[in-house]
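**Q** Sharing upload-v4.csv (CSV, C-alpha atoms and all ligand atoms) below.
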```
chain,number,residue,atom,x,y,z
A,768,MET,CA,-0.5,23.8,20.9
A,769,ASP,CA,-0.7,25.6,24.2
A,770,ASN,CA,-3.6,23.4,25.3
A,771,LEU,CA,-1.7,20.2,24.9
A,772,PRO,CA,-0.6,18.7,28.2
A,773,PRO,CA,3.0,19.3,29.3
A,774,TYR,CA,5.5,16.4,29.0
A,775,LEU,CA,5.6,15.2,32.6
A,776,PHE,CA,8.2,12.6,32.0
A,777,ALA,CA,10.8,15.2,31.1
A,778,ARG,CA,12.5,15.3,34.5
A,779,ILE,CA,12.8,11.5,34.7
A,780,ASP,CA,14.1,11.4,31.2
A,781,GLU,CA,16.8,14.0,32.0
A,782,MET,CA,17.8,12.1,35.1
A,783,LYS,CA,18.0,8.9,33.0
A,784,GLU,CA,20.3,10.6,30.4
A,785,GLU,CA,22.5,11.9,33.2
A,786,LYS,CA,22.8,8.4,34.8
A,787,LEU,CA,23.7,6.9,31.4
A,788,ARG,CA,26.4,9.6,31.0
A,789,GLN,CA,27.8,8.6,34.3
A,790,GLY,CA,28.1,5.1,33.0
A,791,VAL,CA,25.3,3.6,35.2
A,792,ASP,CA,23.9,0.4,33.9
A,793,VAL,CA,20.3,1.7,33.8
A,794,ILE,CA,17.4,-0.9,33.8
A,795,ASP,CA,14.5,0.8,31.9
A,796,LEU,CA,11.2,-0.5,33.1
A,797,GLY,CA,9.5,2.6,31.7
A,798,VAL,CA,8.7,1.7,28.1
A,799,GLY,CA,5.5,-0.1,27.1
A,800,ASP,CA,7.1,-1.7,24.1
A,801,PRO,CA,7.7,-5.5,23.9
A,802,ASP,CA,11.4,-6.5,24.0
A,803,LEU,CA,10.5,-9.8,22.3
A,804,PRO,CA,10.9,-10.1,18.5
A,805,THR,CA,8.1,-10.4,16.0
A,806,PRO,CA,7.6,-14.2,15.3
A,807,PRO,CA,9.7,-15.3,12.3
A,808,HIS,CA,6.7,-16.6,10.1
A,809,ILE,CA,5.3,-13.0,10.2
A,810,VAL,CA,8.6,-11.4,9.2
A,811,GLU,CA,8.9,-14.0,6.4
A,812,ALA,CA,5.4,-13.0,5.1
A,813,LEU,CA,6.5,-9.4,5.0
A,814,CYS,CA,9.7,-10.2,3.1
A,815,GLU,CA,7.8,-12.2,0.5
A,816,ALA,CA,5.1,-9.5,0.1
A,817,ALA,CA,7.6,-6.7,-0.1
A,818,ARG,CA,9.3,-8.4,-3.1
A,819,ASP,CA,6.0,-8.4,-5.1
A,820,PRO,CA,5.7,-5.2,-7.1
A,821,LYS,CA,1.9,-5.5,-6.8
A,822,ASN,CA,2.3,-4.3,-3.2
A,823,HIS,CA,4.3,-1.2,-4.1
A,824,HIS,CA,1.4,1.1,-4.9
A,825,TYR,CA,-0.9,3.2,-2.8
A,826,PRO,CA,-2.9,0.8,-0.6
A,827,SER,CA,-6.7,1.0,-0.4
A,828,TYR,CA,-8.0,3.5,2.2
A,829,ALA,CA,-10.0,1.0,4.2
A,830,GLY,CA,-7.4,-1.8,4.0
A,831,MET,CA,-7.2,-4.9,1.7
A,832,LEU,CA,-10.4,-6.9,1.8
A,833,ALA,CA,-8.2,-10.0,2.5
A,834,TYR,CA,-6.9,-8.2,5.6
A,835,ARG,CA,-10.3,-7.2,6.8
A,836,GLU,CA,-11.6,-10.7,6.2
A,837,ALA,CA,-8.7,-12.0,8.3
A,838,VAL,CA,-9.7,-9.5,11.1
A,839,ALA,CA,-13.3,-10.7,10.9
A,840,GLN,CA,-12.3,-14.3,11.0
A,841,TRP,CA,-10.0,-13.7,14.0
A,842,TYR,CA,-12.8,-11.8,15.9
A,843,ARG,CA,-15.2,-14.7,15.2
A,844,ALA,CA,-12.7,-17.3,16.5
A,845,ARG,CA,-11.4,-15.3,19.4
A,846,PHE,CA,-14.5,-13.5,20.7
A,847,GLY,CA,-17.5,-15.1,18.9
A,848,VAL,CA,-18.2,-11.7,17.4
A,849,ASP,CA,-19.5,-11.6,13.8
A,850,LEU,CA,-18.3,-8.7,11.7
A,851,ASP,CA,-19.0,-7.7,8.1
A,852,PRO,CA,-15.4,-7.2,6.8
A,853,LYS,CA,-16.6,-4.5,4.3
A,854,LYS,CA,-18.6,-2.4,6.6
A,855,GLU,CA,-17.7,-3.2,10.2
A,856,THR,CA,-13.9,-3.4,10.0
A,857,LEU,CA,-11.2,-0.8,8.9
A,858,ALA,CA,-7.4,-1.1,8.7
A,859,LEU,CA,-5.5,1.4,10.9
A,860,ILE,CA,-1.9,2.5,10.9
A,861,GLY,CA,-1.7,1.3,14.5
A,862,SER,CA,-4.6,1.8,16.9
A,863,LYS,CA,-3.1,5.0,18.2
A,864,GLU,CA,-3.9,6.4,14.7
A,865,GLY,CA,-7.5,5.5,15.0
A,866,ILE,CA,-7.8,6.8,18.5
A,867,ALA,CA,-6.2,10.1,17.4
A,868,HIS,CA,-8.6,10.6,14.5
A,869,ILE,CA,-11.9,9.3,15.9
A,870,ALA,CA,-12.8,12.5,17.8
A,871,GLU,CA,-12.5,14.6,14.6
A,872,ALA,CA,-15.3,12.5,13.2
A,873,PHE,CA,-17.8,12.8,16.0
A,874,VAL,CA,-17.0,15.6,18.4
A,875,ASN,CA,-17.9,19.3,17.7
A,876,PRO,CA,-16.0,22.1,19.3
A,877,GLY,CA,-17.0,22.5,22.9
A,878,GLU,CA,-18.6,19.0,23.3
A,879,TYR,CA,-17.4,16.6,25.9
A,880,VAL,CA,-15.4,13.4,25.6
A,881,LEU,CA,-15.3,11.1,28.6
A,882,ALA,CA,-11.9,9.7,29.2
A,883,ALA,CA,-10.3,7.9,32.0
A,884,ASP,CA,-7.7,9.5,34.4
A,885,PRO,CA,-5.2,8.0,34.6
A,886,GLY,CA,-5.3,6.9,31.0
A,887,TYR,CA,-3.5,6.5,27.7
A,888,PRO,CA,-2.7,10.1,26.8
A,889,VAL,CA,-4.0,10.0,23.2
A,890,TYR,CA,-7.7,10.0,24.4
A,891,LYS,CA,-7.2,13.5,25.7
A,892,THR,CA,-5.0,14.9,22.9
A,893,SER,CA,-7.4,13.6,20.2
A,894,THR,CA,-10.2,15.4,22.0
A,895,LEU,CA,-8.2,18.6,22.1
A,896,PHE,CA,-7.3,18.4,18.4
A,897,ALA,CA,-11.1,18.3,17.7
A,898,GLU,CA,-11.5,21.3,20.1
A,899,GLY,CA,-13.6,19.2,22.4
A,900,LYS,CA,-13.6,19.2,26.2
A,901,VAL,CA,-12.3,16.3,28.2
A,902,TYR,CA,-14.2,15.1,31.2
A,903,GLU,CA,-11.8,13.0,33.3
A,904,MET,CA,-13.4,9.9,34.8
A,905,PRO,CA,-11.3,9.0,37.8
A,906,LEU,CA,-10.0,5.4,37.9
A,907,LEU,CA,-9.6,4.6,41.6
A,908,ALA,CA,-8.3,1.5,43.4
A,909,GLU,CA,-11.5,1.4,45.6
A,910,ASN,CA,-13.5,1.0,42.4
A,911,ASN,CA,-11.2,-1.6,40.9
A,912,PHE,CA,-10.0,1.1,38.5
A,913,LEU,CA,-13.4,1.2,36.7
A,914,PRO,CA,-15.1,4.6,36.1
A,915,VAL,CA,-18.3,5.2,38.1
A,916,LEU,CA,-20.8,6.3,35.4
A,917,GLU,CA,-23.3,7.7,37.9
A,918,ASP,CA,-20.7,10.1,39.2
A,919,ILE,CA,-20.5,12.0,35.9
A,920,PRO,CA,-22.3,15.3,36.3
A,921,ALA,CA,-25.6,15.5,34.3
A,922,ASP,CA,-24.6,18.7,32.4
A,923,VAL,CA,-21.5,16.9,31.2
A,924,VAL,CA,-23.4,13.8,30.2
A,925,LYS,CA,-25.8,16.0,28.2
A,926,GLN,CA,-23.0,17.5,26.1
A,927,ALA,CA,-21.0,14.2,25.9
A,928,ARG,CA,-20.5,12.8,22.4
A,929,LEU,CA,-17.9,10.1,22.9
A,930,MET,CA,-16.4,7.9,25.6
A,931,PHE,CA,-13.1,6.1,25.6
A,932,ILE,CA,-12.6,2.9,27.7
A,933,ASN,CA,-9.7,0.5,27.8
A,934,TYR,CA,-9.6,-2.9,29.5
A,935,PRO,CA,-7.3,-4.7,30.1
A,936,ASN,CA,-6.1,-1.2,31.1
A,937,ASN,CA,-3.0,0.8,30.6
A,938,PRO,CA,-1.6,2.0,33.0
A,939,THR,CA,-3.4,0.3,35.9
A,940,ALA,CA,-3.4,-3.3,34.5
A,941,ALA,CA,-7.0,-3.6,35.7
A,942,THR,CA,-9.5,-5.8,33.8
A,943,ALA,CA,-13.2,-5.3,33.4
A,944,PRO,CA,-16.1,-7.8,33.9
A,945,LEU,CA,-18.6,-8.1,31.0
A,946,SER,CA,-21.2,-6.5,33.4
A,947,PHE,CA,-19.2,-3.2,33.2
A,948,PHE,CA,-19.4,-3.3,29.4
A,949,GLU,CA,-23.2,-3.9,29.7
A,950,GLU,CA,-23.4,-0.9,31.9
A,951,VAL,CA,-21.5,1.2,29.4
A,952,VAL,CA,-23.8,0.0,26.5
A,953,GLU,CA,-26.9,1.0,28.5
A,954,PHE,CA,-25.4,4.4,29.4
A,955,ALA,CA,-24.4,5.1,25.8
A,956,ARG,CA,-27.8,4.2,24.5
A,957,GLU,CA,-29.6,6.4,27.0
A,958,HIS,CA,-27.4,9.4,26.3
A,959,ASN,CA,-26.5,8.9,22.6
A,960,ILE,CA,-22.8,8.5,23.2
A,961,VAL,CA,-20.3,6.9,20.8
A,962,VAL,CA,-18.2,4.3,22.7
A,963,VAL,CA,-14.6,3.6,21.7
A,964,HIS,CA,-13.1,0.6,23.5
A,965,ASP,CA,-9.4,0.3,23.2
A,966,ASN,CA,-8.6,-3.4,23.4
A,967,ALA,CA,-4.8,-3.3,22.7
A,968,TYR,CA,-4.0,-5.8,25.5
A,969,SER,CA,-6.7,-8.5,25.1
A,970,GLU,CA,-4.2,-11.2,24.3
A,971,ILE,CA,-1.6,-10.4,27.0
A,972,THR,CA,-3.3,-12.3,29.8
A,973,PHE,CA,-2.2,-14.6,32.7
A,974,ASP,CA,-3.4,-17.4,35.0
A,975,GLY,CA,-6.0,-18.6,32.5
A,976,TYR,CA,-7.8,-15.2,32.3
A,977,ARG,CA,-9.5,-14.5,29.0
A,978,ALA,CA,-10.1,-10.9,28.2
A,979,PRO,CA,-13.4,-10.2,26.4
A,980,SER,CA,-14.2,-7.9,23.5
A,981,PHE,CA,-16.6,-5.0,24.2
A,982,LEU,CA,-18.5,-6.2,21.1
A,983,GLU,CA,-19.4,-9.4,22.8
A,984,VAL,CA,-22.0,-7.6,24.8
A,985,ASP,CA,-25.6,-7.3,23.5
A,986,GLY,CA,-26.2,-3.9,22.0
A,987,ALA,CA,-22.5,-2.9,21.8
A,988,MET,CA,-22.5,-3.0,18.0
A,989,GLU,CA,-25.2,-0.3,18.1
A,990,VAL,CA,-23.2,2.1,20.1
A,991,GLY,CA,-19.6,1.5,19.6
A,992,ILE,CA,-16.4,0.3,18.1
A,993,GLU,CA,-13.3,-1.4,19.3
A,994,MET,CA,-9.8,-0.3,18.5
A,995,HIS,CA,-7.4,-3.2,18.2
A,996,SER,CA,-3.9,-3.7,17.2
A,997,LEU,CA,-1.3,-6.3,16.4
A,998,SER,CA,1.3,-4.3,18.3
A,999,LYS,CA,1.2,-6.0,21.7
A,1000,THR,CA,-0.2,-9.4,20.6
A,1001,TYR,CA,2.6,-10.2,18.1
A,1002,ASN,CA,5.4,-7.8,19.2
A,1003,MET,CA,4.7,-5.6,16.2
A,1004,THR,CA,4.8,-2.1,17.6
A,1005,GLY,CA,7.1,-0.9,14.9
A,1006,TRP,CA,5.0,-2.2,12.1
A,1007,ARG,CA,2.1,0.1,12.6
A,1008,ILE,CA,-1.0,-2.0,11.8
A,1009,GLY,CA,-4.3,-2.2,13.7
A,1010,MET,CA,-8.0,-2.3,13.1
A,1011,ALA,CA,-11.2,-0.5,14.1
A,1012,CYS,CA,-14.2,-2.9,14.4
A,1013,GLY,CA,-17.9,-2.5,15.2
A,1014,ASN,CA,-20.8,-0.2,14.3
A,1015,ALA,CA,-20.8,0.4,10.6
A,1016,ASP,CA,-21.7,4.1,10.8
A,1017,ILE,CA,-18.9,4.8,13.4
A,1018,VAL,CA,-16.4,2.8,11.3
A,1019,ALA,CA,-17.5,4.9,8.2
A,1020,GLY,CA,-17.1,8.2,10.1
A,1021,LEU,CA,-13.5,7.3,11.1
A,1022,GLY,CA,-12.9,6.1,7.6
A,1023,ARG,CA,-14.0,9.4,6.2
A,1024,VAL,CA,-11.6,11.3,8.3
A,1025,LYS,CA,-8.8,8.9,7.4
A,1026,THR,CA,-9.3,9.2,3.6
A,1027,ASN,CA,-8.6,12.9,4.0
A,1028,VAL,CA,-5.5,12.4,6.1
A,1029,ASP,CA,-3.6,9.2,5.3
A,1030,SER,CA,-3.5,6.8,2.3
A,1031,GLY,CA,-3.7,3.5,4.2
A,1032,ALA,CA,-1.2,0.9,5.5
A,1033,PHE,CA,1.5,-0.6,3.3
A,1034,ASP,CA,0.0,-3.7,1.6
A,1035,ALA,CA,3.0,-5.8,2.4
A,1036,ILE,CA,2.5,-5.1,6.1
A,1037,GLN,CA,-1.2,-6.1,5.7
A,1038,HIS,CA,-0.1,-9.4,4.2
A,1039,ALA,CA,2.2,-10.0,7.2
A,1040,ALA,CA,-0.7,-9.1,9.5
A,1041,ILE,CA,-2.9,-11.7,7.7
A,1042,ALA,CA,-0.1,-14.2,8.4
A,1043,ALA,CA,-0.2,-13.2,12.1
A,1044,LEU,CA,-4.0,-13.4,12.5
A,1045,THR,CA,-4.5,-16.6,10.5
A,1046,GLY,CA,-1.3,-18.5,11.3
A,1047,PRO,CA,-0.2,-20.5,14.4
A,1048,GLN,CA,-1.1,-18.7,17.7
A,1049,ASP,CA,1.4,-20.5,20.0
A,1050,CYS,CA,3.7,-17.5,19.7
A,1051,VAL,CA,1.1,-15.5,21.7
A,1052,ALA,CA,0.9,-18.1,24.5
A,1053,ASN,CA,4.7,-18.3,24.6
A,1054,ALA,CA,5.0,-14.5,25.0
A,1055,CYS,CA,2.4,-14.6,27.8
A,1056,ALA,CA,4.3,-17.3,29.6
A,1057,ILE,CA,7.4,-15.2,29.5
A,1058,TYR,CA,5.6,-12.1,30.8
A,1059,GLN,CA,4.0,-14.2,33.5
A,1060,GLU,CA,7.4,-15.3,34.9
A,1061,ARG,CA,8.6,-11.7,34.9
A,1062,ARG,CA,5.4,-10.5,36.5
A,1063,ASP,CA,5.8,-13.0,39.3
A,1064,ALA,CA,9.4,-12.1,39.9
A,1065,LEU,CA,8.7,-8.3,40.0
A,1066,VAL,CA,5.5,-8.6,42.1
A,1067,LYS,CA,7.4,-10.8,44.6
A,1068,GLY,CA,10.3,-8.3,44.7
A,1069,LEU,CA,8.1,-5.3,45.2
A,1070,THR,CA,6.1,-7.1,47.9
A,1071,GLU,CA,9.4,-7.8,49.7
A,1072,ILE,CA,10.3,-4.2,49.8
A,1073,GLY,CA,6.9,-3.4,51.3
A,1074,LEU,CA,4.8,-2.3,48.4
A,1075,ASP,CA,1.2,-3.6,48.4
A,1076,VAL,CA,1.0,-4.8,44.8
A,1077,LYS,CA,-1.4,-7.3,43.3
A,1078,ALA,CA,-0.4,-9.6,40.4
A,1079,PRO,CA,-2.2,-8.3,37.4
A,1080,LYS,CA,-4.3,-10.7,35.2
A,1081,ALA,CA,-3.4,-8.9,32.0
A,1082,THR,CA,-1.1,-6.4,30.3
A,1083,PHE,CA,2.7,-6.1,30.7
A,1084,TYR,CA,2.5,-3.6,33.5
A,1085,VAL,CA,2.6,-3.6,37.3
A,1086,TRP,CA,0.8,-0.7,38.9
A,1087,ALA,CA,2.4,-0.2,42.3
A,1088,PRO,CA,1.0,2.1,45.1
A,1089,VAL,CA,3.6,4.5,46.6
A,1090,ASP,CA,3.5,7.6,48.7
A,1091,ASP,CA,4.7,10.3,46.2
A,1092,CYS,CA,5.2,8.9,42.7
A,1093,MET,CA,7.6,11.5,41.4
A,1094,ALA,CA,9.8,11.3,44.5
A,1095,PHE,CA,9.7,7.4,44.4
A,1096,ALA,CA,10.6,7.3,40.7
A,1097,ALA,CA,13.4,9.8,41.2
A,1098,LYS,CA,14.8,7.9,44.1
A,1099,LEU,CA,14.6,4.6,42.3
A,1100,LEU,CA,16.6,6.0,39.4
A,1101,ASP,CA,19.0,7.8,41.6
A,1102,GLN,CA,19.8,5.0,44.0
A,1103,ALA,CA,19.2,1.9,41.9
A,1104,GLY,CA,19.5,3.0,38.3
A,1105,ILE,CA,15.9,1.7,37.6
A,1106,VAL,CA,13.4,3.7,35.4
A,1107,ALA,CA,9.7,3.4,36.3
A,1108,THR,CA,7.0,5.7,35.1
A,1109,PRO,CA,5.4,8.1,37.7
A,1110,GLY,CA,1.6,7.5,37.7
A,1111,VAL,CA,0.9,11.2,37.5
A,1112,GLY,CA,2.2,11.2,33.9
A,1113,PHE,CA,-1.0,9.4,33.0
A,1114,GLY,CA,-3.3,12.0,34.7
A,1115,LYS,CA,-3.7,13.5,38.2
A,1116,ASN,CA,-5.4,10.4,39.6
A,1117,GLY,CA,-2.2,8.5,38.8
A,1118,GLU,CA,-0.6,10.2,41.8
A,1119,GLY,CA,0.3,7.6,44.4
A,1120,PHE,CA,1.3,4.9,41.9
A,1121,VAL,CA,4.3,4.1,39.6
A,1122,ARG,CA,4.0,1.9,36.5
A,1123,PHE,CA,6.6,-0.8,35.9
A,1124,ALA,CA,6.7,-2.3,32.4
A,1125,ILE,CA,7.9,-5.9,32.4
A,1126,THR,CA,9.3,-5.6,28.9
A,1127,ARG,CA,12.8,-6.6,30.0
A,1128,SER,CA,14.4,-10.1,30.4
A,1129,ILE,CA,13.9,-12.1,33.6
A,1130,GLU,CA,17.6,-11.6,34.3
A,1131,ARG,CA,17.2,-7.8,34.2
A,1132,ILE,CA,14.1,-7.9,36.3
A,1133,ASN,CA,15.8,-10.1,38.9
A,1134,GLU,CA,18.7,-7.7,38.9
A,1135,ALA,CA,16.3,-4.8,39.4
A,1136,VAL,CA,14.7,-6.6,42.3
A,1137,ASP,CA,18.1,-7.2,43.9
A,1138,ARG,CA,19.0,-3.6,43.6
A,1139,MET,CA,15.7,-2.5,45.2
A,1140,ARG,CA,16.3,-4.7,48.2
A,1141,GLY,CA,17.9,-2.7,51.0
A,1142,LEU,CA,16.9,0.7,49.5
A,1143,ASP,CA,15.1,3.1,51.7
A,1144,LEU,CA,12.1,3.8,49.4
B,1201,LIG,C1,0.2,0.4,23.0
B,1201,LIG,C2,-1.2,1.0,23.2
B,1201,LIG,C3,-2.0,1.4,22.0
B,1201,LIG,C4,-1.5,1.6,20.6
B,1201,LIG,O1,-0.8,0.8,20.0
B,1201,LIG,P1,-0.6,0.9,18.5
B,1201,LIG,O2,0.8,0.4,18.3
B,1201,LIG,O3,-0.8,2.3,18.0
B,1201,LIG,O4,-1.5,-0.1,17.9
B,1201,LIG,C5,-3.3,1.8,22.2
B,1201,LIG,N1,-3.8,1.9,23.5
B,1201,LIG,C6,-3.1,1.6,24.5
B,1201,LIG,C7,-3.7,1.7,25.9
B,1201,LIG,C8,-1.8,1.2,24.4
B,1201,LIG,O5,-1.1,0.9,25.5
```
Could you write out this structure as structure tokens?
**A**
Amino acid sequence: MDNLPPYLFARIDEMKEEKLRQGVDVIDLGVGDPDLPTPPHIVEALCEAARDPKNHHYPSYAGMLAYREAVAQWYRARFGVDLDPKKETLALIGSKEGIAHIAEAFVNPGEYVLAADPGYPVYKTSTLFAEGKVYEMPLLAENNFLPVLEDIPADVVKQARLMFINYPNNPTAATAPLSFFEEVVEFAREHNIVVVHDNAYSEITFDGYRAPSFLEVDGAMEVGIEMHSLSKTYNMTGWRIGMACGNADIVAGLGRVKTNVDSGAFDAIQHAAIAALTGPQDCVANACAIYQERRDALVKGLTEIGLDVKAPKATFYVWAPVDDCMAFAAKLLDQAGIVATPGVGFGKNGEGFVRFAITRSIERINEAVDRMRGLDL
């Protein structure tokens, strides 16, 4: 427990609570959780499945075959990637669950895991639970927030078992070209490293950008898996359903840990997930159009107050450069009642940035922009 990182958002949280107590109308742009509802046809599928007693028992460990077939069909249609539903897909109780358990399967105490800094905190904590060591790959603006693999010290590479990557990226909102994934495959092959690509944001894209799957790249199926999820795509964060896809041995290793920990995802939720993956997809395009309007409003507002922000091509985050991220976030909350996440909460290389989540209505984002104007930030 002592090795787990401290909760760096505590100070901001305390300040937010204090503002709420004072009756301030706080605009929370801190949380990475869609404000939009799950599309009705998916909710309907859950209701119907929940009424059927056949779905009230322990689910299968790996997930219903029908769910895994729907996942394979979706991967084929969306990415042109062929997956054997029985061996190359696995149901997850949200992708966070798969990320948290994968290190147990492949990392021995003292071995290295390569994880981005800044990054989704679970990559580091899953490594610590497996008693592995984290090597933090810096994500820097000058490298388009991609890790530089040649910069990883040779003695670390030698003891590295696993590498986490995540594009479209949280928190930086960066995207990766296929050539980066090709580089990762070559590196993983050469050094015998398991690659785990977290693709939670592949469907939240703008301006015609299409995010690839890591598994599209030649050789990726030999070295890695992809964690994916319905959470962000279909506004289903509360439902807890995701999937691990890719190399059969890696999928099996994760599955083996999971059979000893959990007993699968509720069958009725898997039925709803099938409805999501195989049903009409216009709900996804509609959500992206809503996020895009919000993104444009926020980027314009931040630019007007003098921040050098670029409009991201994907994710529902804006990663804005500032001088001192804790001071900026504190001032923003104190003077304007706006919550944003200090970048350092995602790792030391997050210093100099704050993350805004555009998971609030356009009216609230416009209100936030109005409040920021005229502030001395
Ligand atoms: C939201 C998120 C996830 C996990 O989502 P689940 O709800 O657990 O599927 C995983 N990775 C990143 C980077 C995320 O932002």
**Q** Box for ligand LIG 1201 (chain B) - axis-aligned, 8 Å on each of the six sides, all listed atoms - centre and size in Å to one decimal, as lines of an AutoDock Vina configuration file.
**A**
```
center_x = -1.5
center_y = 1.1
center_z = 21.9
size_x = 20.6
size_y = 18.4
size_z = 24.0
```
**Q** What residues of the protein or nucleic acid chains come within 9 Å of ligand LIG 1201 (chain B) when you use only C-alpha atoms and all ligand atoms? Reply as number ranges by chain.
**A** A: 799-800, 859-866, 886-889, 933-938, 965-968, 994-999, 1003-1010, 1082
**Q** Given only C-alpha atoms, how would the per-residue table for segment 798-832 of chain A near segment 1029-1039 of chain A read, listing every residue at most 6 Å away with its closest atom pair and distance in Å to one decimal, sorted by chain and number, as JSON lines?
**A**
```
{"residue": "A:Ile809", "atom": "CA", "partner": "A:Ala1039", "partner_atom": "CA", "distance": 5.3}
{"residue": "A:Ala812", "atom": "CA", "partner": "A:Ala1039", "partner_atom": "CA", "distance": 4.9}
{"residue": "A:Leu813", "atom": "CA", "partner": "A:Ala1039", "partner_atom": "CA", "distance": 4.9}
{"residue": "A:Ala816", "atom": "CA", "partner": "A:Ala1035", "partner_atom": "CA", "distance": 4.8}
{"residue": "A:Ala817", "atom": "CA", "partner": "A:Ala1035", "partner_atom": "CA", "distance": 5.3}
{"residue": "A:Asn822", "atom": "CA", "partner": "A:Asp1034", "partner_atom": "CA", "distance": 5.4}
{"residue": "A:Pro826", "atom": "CA", "partner": "A:Gly1031", "partner_atom": "CA", "distance": 5.6}
{"residue": "A:Tyr828", "atom": "CA", "partner": "A:Gly1031", "partner_atom": "CA", "distance": 4.7}
```
**Q** What gap, in Å, lies between atom CA of Val798 of chain A and atom CA of Met930 of chain A?
**A** 26.0 Å
**Q** For atom CA of Gly1046 of chain A and atom CA of Gly847 of chain A, determine how far apart the two atoms are, in Å to one decimal place.
**A**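 Interatomic distance, atom CA of Gly1046 of chain A to atom CA of Gly847 of chain A: 18.2 Å.
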**Q** Do you have the atom CA of Ala1042 of chain A-atom CA of Glu970 of chain A distance handy?
**A** 16.7 Å
**Q** Would you mind telling me which residue in A:Thr1108, A:Thr1126, A:Asn911, A:Thr1000 lies nearest to Cys1092 of chain A when using all atoms listed in the file?
**A**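 Looking only at the distances to Cys1092 of chain A, the closest residue turns out to be A:Thr1108.
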**Q** As a PyMOL selection string, please: the residues near Pro852 of chain A (cut-off 10 Å, only C-alpha atoms, same-chain neighbours under 3 positions excluded).
**A** chain A and resi 831-840+849+855-857+1012-1013
**Q** Write out as a PDB file with C-alpha atoms, in the frame of the given file each polymer residue whose atoms come within 6 Å of Asn1014 of chain A, counting all atoms listed in the file; drop sequence neighbours fewer than 3 positions from it.
**A**
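around-v9.pdb, written as the output of this step:
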```
ATOM      1  CA  GLU A 855     -17.700  -3.200  10.200  1.00  0.00           C
ATOM      2  CA  MET A 988     -22.500  -3.000  18.000  1.00  0.00           C
ATOM      3  CA  GLU A 989     -25.200  -0.300  18.100  1.00  0.00           C
ATOM      4  CA  GLY A 991     -19.600   1.500  19.600  1.00  0.00           C
ATOM      5  CA  ILE A 992     -16.400   0.300  18.100  1.00  0.00           C
ATOM      6  CA  ILE A1017     -18.900   4.800  13.400  1.00  0.00           C
TER       7      ILE A1017
END
```
